[in-house]
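Text of run27.txt, listed as compact mmCIF, C-alpha atoms:
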```
# COMPACT_ATOMS: atom_id res chain seq x y z
CA MET H 30 114.85 50.21 60.96
CA LYS H 31 112.28 50.11 63.78
CA ALA H 32 115.05 51.10 66.21
CA ASN H 33 115.92 54.15 64.06
CA ILE H 34 112.26 55.23 63.91
CA ALA H 35 111.89 54.83 67.68
CA LYS H 36 115.12 56.78 68.27
CA ALA H 37 113.94 59.60 65.99
CA ALA H 38 110.54 59.72 67.73
CA SER H 39 112.26 59.85 71.10
CA LYS H 40 114.48 62.75 69.96
CA ARG H 41 111.44 64.66 68.66
CA ALA H 42 109.58 64.11 71.93
CA SER H 43 112.61 65.29 73.88
CA ALA H 44 112.93 68.40 71.71
CA VAL H 45 109.23 69.19 72.12
CA MET H 46 109.51 68.82 75.93
CA THR H 47 112.58 71.06 76.01
CA LEU H 48 110.83 73.75 73.97
CA ALA H 49 107.72 73.52 76.18
CA LEU H 50 109.83 73.94 79.33
CA LEU H 51 111.67 76.92 77.86
CA ALA H 52 108.38 78.54 76.88
CA ALA H 53 106.96 77.97 80.35
CA CYS H 54 110.03 79.55 81.98
CA SER H 55 110.01 82.59 79.70
CA ASN H 56 106.30 83.15 80.29
CA VAL H 57 106.37 82.83 84.09
CA ALA H 58 106.09 86.61 84.50
CA GLN H 59 103.03 86.81 82.22
CA ALA H 60 101.19 83.89 83.83
CA THR H 61 100.86 85.41 87.30
CA THR H 62 98.43 87.92 88.81
CA TYR H 63 99.75 91.40 89.62
CA THR H 64 97.80 93.36 92.25
CA MET H 65 99.04 96.81 93.25
CA PHE H 66 97.81 98.69 96.32
CA ARG H 67 98.26 102.45 96.14
CA ASP H 68 97.17 105.68 97.73
CA PRO H 69 94.53 107.14 95.37
CA ASN H 70 96.34 110.52 95.46
CA CYS H 71 99.66 109.19 94.15
CA GLY H 72 100.40 109.57 90.44
CA CYS H 73 103.77 107.83 90.16
CA CYS H 74 102.21 104.48 91.09
CA MET H 75 100.27 104.33 87.83
CA SER H 76 103.39 105.25 85.88
CA TRP H 77 105.29 102.38 87.57
CA ALA H 78 102.37 99.99 86.87
CA GLY H 79 102.62 100.99 83.20
CA HIS H 80 106.33 100.06 83.25
CA VAL H 81 105.45 96.61 84.65
CA GLU H 82 102.62 96.09 82.15
CA ARG H 83 104.77 97.06 79.14
CA ASN H 84 107.84 95.09 80.12
CA LEU H 85 106.12 91.97 81.43
CA ASN H 86 103.28 91.92 78.91
CA THR H 87 100.71 91.74 81.70
CA THR H 88 97.94 93.69 83.39
CA VAL H 89 98.32 95.21 86.84
CA THR H 90 95.12 95.29 88.89
CA THR H 91 95.03 98.44 91.02
CA ILE H 92 93.38 98.70 94.42
CA ASP H 93 93.16 102.16 95.98
CA SER H 94 93.74 102.20 99.73
CA VAL H 95 93.72 105.17 102.08
CA ASP H 96 95.55 103.06 104.71
CA MET H 97 98.78 102.03 102.98
CA ALA H 98 100.54 101.63 106.34
CA LYS H 99 98.14 98.78 107.10
CA VAL H 100 98.74 97.16 103.67
CA LYS H 101 102.50 97.30 104.24
CA ALA H 102 102.25 95.95 107.79
CA GLN H 103 99.98 93.07 106.69
CA ASN H 104 102.51 92.13 104.01
CA GLY H 105 105.61 92.34 106.20
CA VAL H 106 107.31 95.28 104.50
CA PRO H 107 110.07 96.53 106.85
CA LEU H 108 109.67 100.20 107.84
CA GLU H 109 113.06 101.19 106.38
CA LEU H 110 112.12 99.74 102.97
CA GLN H 111 108.67 101.28 102.59
CA ALA H 112 107.77 103.31 99.52
CA CYS H 113 104.55 104.55 97.97
CA HIS H 114 102.90 101.39 96.52
CA THR H 115 102.84 97.68 97.31
CA MET H 116 102.24 94.93 94.77
CA ILE H 117 101.54 91.27 95.39
CA VAL H 118 102.61 88.85 92.67
CA ASP H 119 102.83 85.07 92.92
CA GLY H 120 102.96 85.29 96.73
CA TYR H 121 105.79 87.85 96.72
CA VAL H 122 105.64 91.46 97.89
CA ILE H 123 107.02 94.12 95.55
CA GLU H 124 107.46 97.43 97.37
CA GLY H 125 108.03 100.67 95.51
CA HIS H 126 109.71 101.34 92.19
CA VAL H 127 111.27 97.90 91.57
CA PRO H 128 112.33 97.50 87.92
CA SER H 129 110.58 94.79 85.93
CA ASP H 130 113.77 92.81 85.25
CA ALA H 131 114.27 92.34 89.01
CA ILE H 132 110.69 91.06 89.29
CA VAL H 133 111.30 88.57 86.48
CA ARG H 134 114.47 87.34 88.19
CA LEU H 135 112.62 86.92 91.52
CA LEU H 136 109.79 84.94 89.90
CA ARG H 137 112.23 82.79 87.96
CA ASP H 138 114.75 82.06 90.73
CA LYS H 139 112.38 81.96 93.75
CA PRO H 140 115.20 82.51 96.27
CA LYS H 141 114.73 80.82 99.65
CA GLY H 142 113.99 83.08 102.60
CA VAL H 143 112.78 85.98 100.43
CA THR H 144 109.33 87.47 101.00
CA GLY H 145 109.76 90.25 98.48
CA LEU H 146 111.74 93.04 96.87
CA ALA H 147 111.79 96.73 97.72
CA VAL H 148 113.15 100.02 96.48
CA ALA H 149 112.95 102.32 99.49
CA GLY H 150 111.66 105.82 98.91
CA MET H 151 111.21 107.21 95.43
CA PRO H 152 114.62 107.48 93.71
CA MET H 153 114.81 109.73 90.66
CA GLY H 154 115.19 107.75 87.46
CA SER H 155 113.66 104.55 88.81
CA PRO H 156 110.65 103.20 86.85
CA GLY H 157 107.76 105.59 87.36
CA MET H 158 110.08 108.31 88.68
CA GLU H 159 111.69 109.37 85.42
CA ALA H 160 112.98 112.93 85.72
CA GLY H 161 114.28 114.19 82.38
CA GLY H 162 117.29 111.91 82.35
CA ARG H 163 118.35 112.60 85.94
CA VAL H 164 119.07 109.38 87.80
CA GLN H 165 119.94 108.57 91.42
CA PRO H 166 121.74 105.29 92.03
CA TYR H 167 119.55 102.92 94.04
CA SER H 168 119.36 99.33 95.20
CA VAL H 169 116.63 96.72 95.07
CA VAL H 170 116.65 94.95 98.43
CA ALA H 171 115.38 91.42 98.98
CA PHE H 172 113.71 90.99 102.38
CA GLY H 173 112.15 88.17 104.36
CA PRO H 174 112.98 85.51 106.95
CA ALA H 175 116.55 85.34 105.61
CA GLY H 176 117.00 89.05 106.43
CA GLN H 177 117.77 91.83 103.98
CA GLN H 178 120.31 91.84 101.18
CA VAL H 179 120.93 93.77 97.99
CA PHE H 180 119.26 91.94 95.11
CA ALA H 181 120.27 94.38 92.35
CA ARG H 182 121.80 97.83 91.89
CA TYR H 183 120.76 100.49 89.38
CA PRO H 184 121.87 102.19 87.19
```
I need this file expressed as structure tokens, please.
Amino acid sequence: MKANIAKAASKRASAVMTLALLAACSNVAQATTYTMFRDPNCGCCMSWAGHVERNLNTTVTTIDSVDMAKVKAQNGVPLELQACHTMIVDGYVIEGHVPSDAIVRLLRDKPKGVTGLAVAGMPMGSPGMEAGGRVQPYSVVAFGPAGQQVFARYP
């Protein structure tokens, strides 16, 4: 009987640990700090930040900067991938209109050799650049010491 009680307690403890780990993984996006640097004259940045806040159940801290080229250079954003705003989250750089699901995947998977994700330019239909249903296909590019590679394609 004592063996059955111990076995049941062990199963309960294992189930509790499993649930705790699953909860921690699903909440990784909400537990980090999101800091976005933007030109104070750009309106789409705030729209994109709203997309991140809604979809990741978080708050984006905004820092206005009149020298975005310096922010991008300090954070290693390649020239060909630059866009209008730069966000730092959990040590990663998020450049431009990166969809929230790509950010979640980056934070969850933590791929080796990746400094950040970027959507170059300002493609129509990307988060923050909604244009009455018009959408341009675009790619999210992972960049860093491992080079550049497509991380995701939209739509």
As an exercise, work out the distance from atom CA of Gly154 of chain H to atom CA of Pro174 of chain H in Å and give it to one decimal place.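 Going from atom CA of Gly154 of chain H over to atom CA of Pro174 of chain H, I get 29.7 Å.
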Interatomic distance between atom CA of Arg83 of chain H and atom CA of Cys113 of chain H?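 For atom CA of Arg83 of chain H relative to atom CA of Cys113 of chain H, the distance reads 20.3 Å.
Nearest-residue note for Ile123 of chain H: choosing from H:Val100, H:Ala171, H:Leu146, H:Met65, the minimum distance belongs to H:Leu146, counting all atoms listed in the file.
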Counting all atoms listed in the file, which of H:Met158, H:Val95, H:Ala131, H:Leu110 gets nearest to Gly79 of chain H? H:Met158
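Candidate residues H:Gly150, H:Gly173, H:Pro140, H:Gly145 were compared for distance to Gln111 of chain H, and the nearest is H:Gly150, using all atoms listed in the file.
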What does the distance between atom CA of Cys73 of chain H and atom CA of Val169 of chain H come to in Å, to one decimal place?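 Atom-to-atom, atom CA of Cys73 of chain H and atom CA of Val169 of chain H are spaced 17.7 Å apart.
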Within 9 Å of Pro128 of chain H, counting all atoms listed in the file, which residues qualify if same-chain residues fewer than 2 places away don't, as an MDAnalysis selection string? chainID H and resid 77 80:81 126 130:132 148 155:156 169
Distance query 12 Å from (116.5, 85.3, 110.2) using all atoms listed in the file, result as a PDB file with C-alpha atoms, in the coordinates of the input:
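Contents of out.pdb, as written:
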```pdb
ATOM      1  CA  LYS H 141     114.730  80.820  99.650  1.00  0.00           C
ATOM      2  CA  GLY H 142     113.990  83.080 102.600  1.00  0.00           C
ATOM      3  CA  VAL H 143     112.780  85.980 100.430  1.00  0.00           C
ATOM      4  CA  THR H 144     109.330  87.470 101.000  1.00  0.00           C
ATOM      5  CA  PHE H 172     113.710  90.990 102.380  1.00  0.00           C
ATOM      6  CA  GLY H 173     112.150  88.170 104.360  1.00  0.00           C
ATOM      7  CA  PRO H 174     112.980  85.510 106.950  1.00  0.00           C
ATOM      8  CA  ALA H 175     116.550  85.340 105.610  1.00  0.00           C
ATOM      9  CA  GLY H 176     117.000  89.050 106.430  1.00  0.00           C
ATOM     10  CA  GLN H 177     117.770  91.830 103.980  1.00  0.00           C
ATOM     11  CA  GLN H 178     120.310  91.840 101.180  1.00  0.00           C
TER      12      GLN H 178
END
```
Padding 3 Å on each side, edges along x, y and z: where is the centre of the box around the listed atoms of segment 165-177 of chain H, and how long are its edges in Å to one decimal? Output it as AutoDock Vina command-line options.
```
--center_x 116.9 --center_y 97.0 --center_z 99.2 --size_x 15.6 --size_y 29.2 --size_z 21.5
```
Taking only C-alpha atoms into account, name the residue in H:Val133, H:Ala181, H:Cys71, H:Val170 that is nearest to Val118 of chain H.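 Counting only C-alpha atoms, the residue closest to Val118 of chain H is H:Val133.
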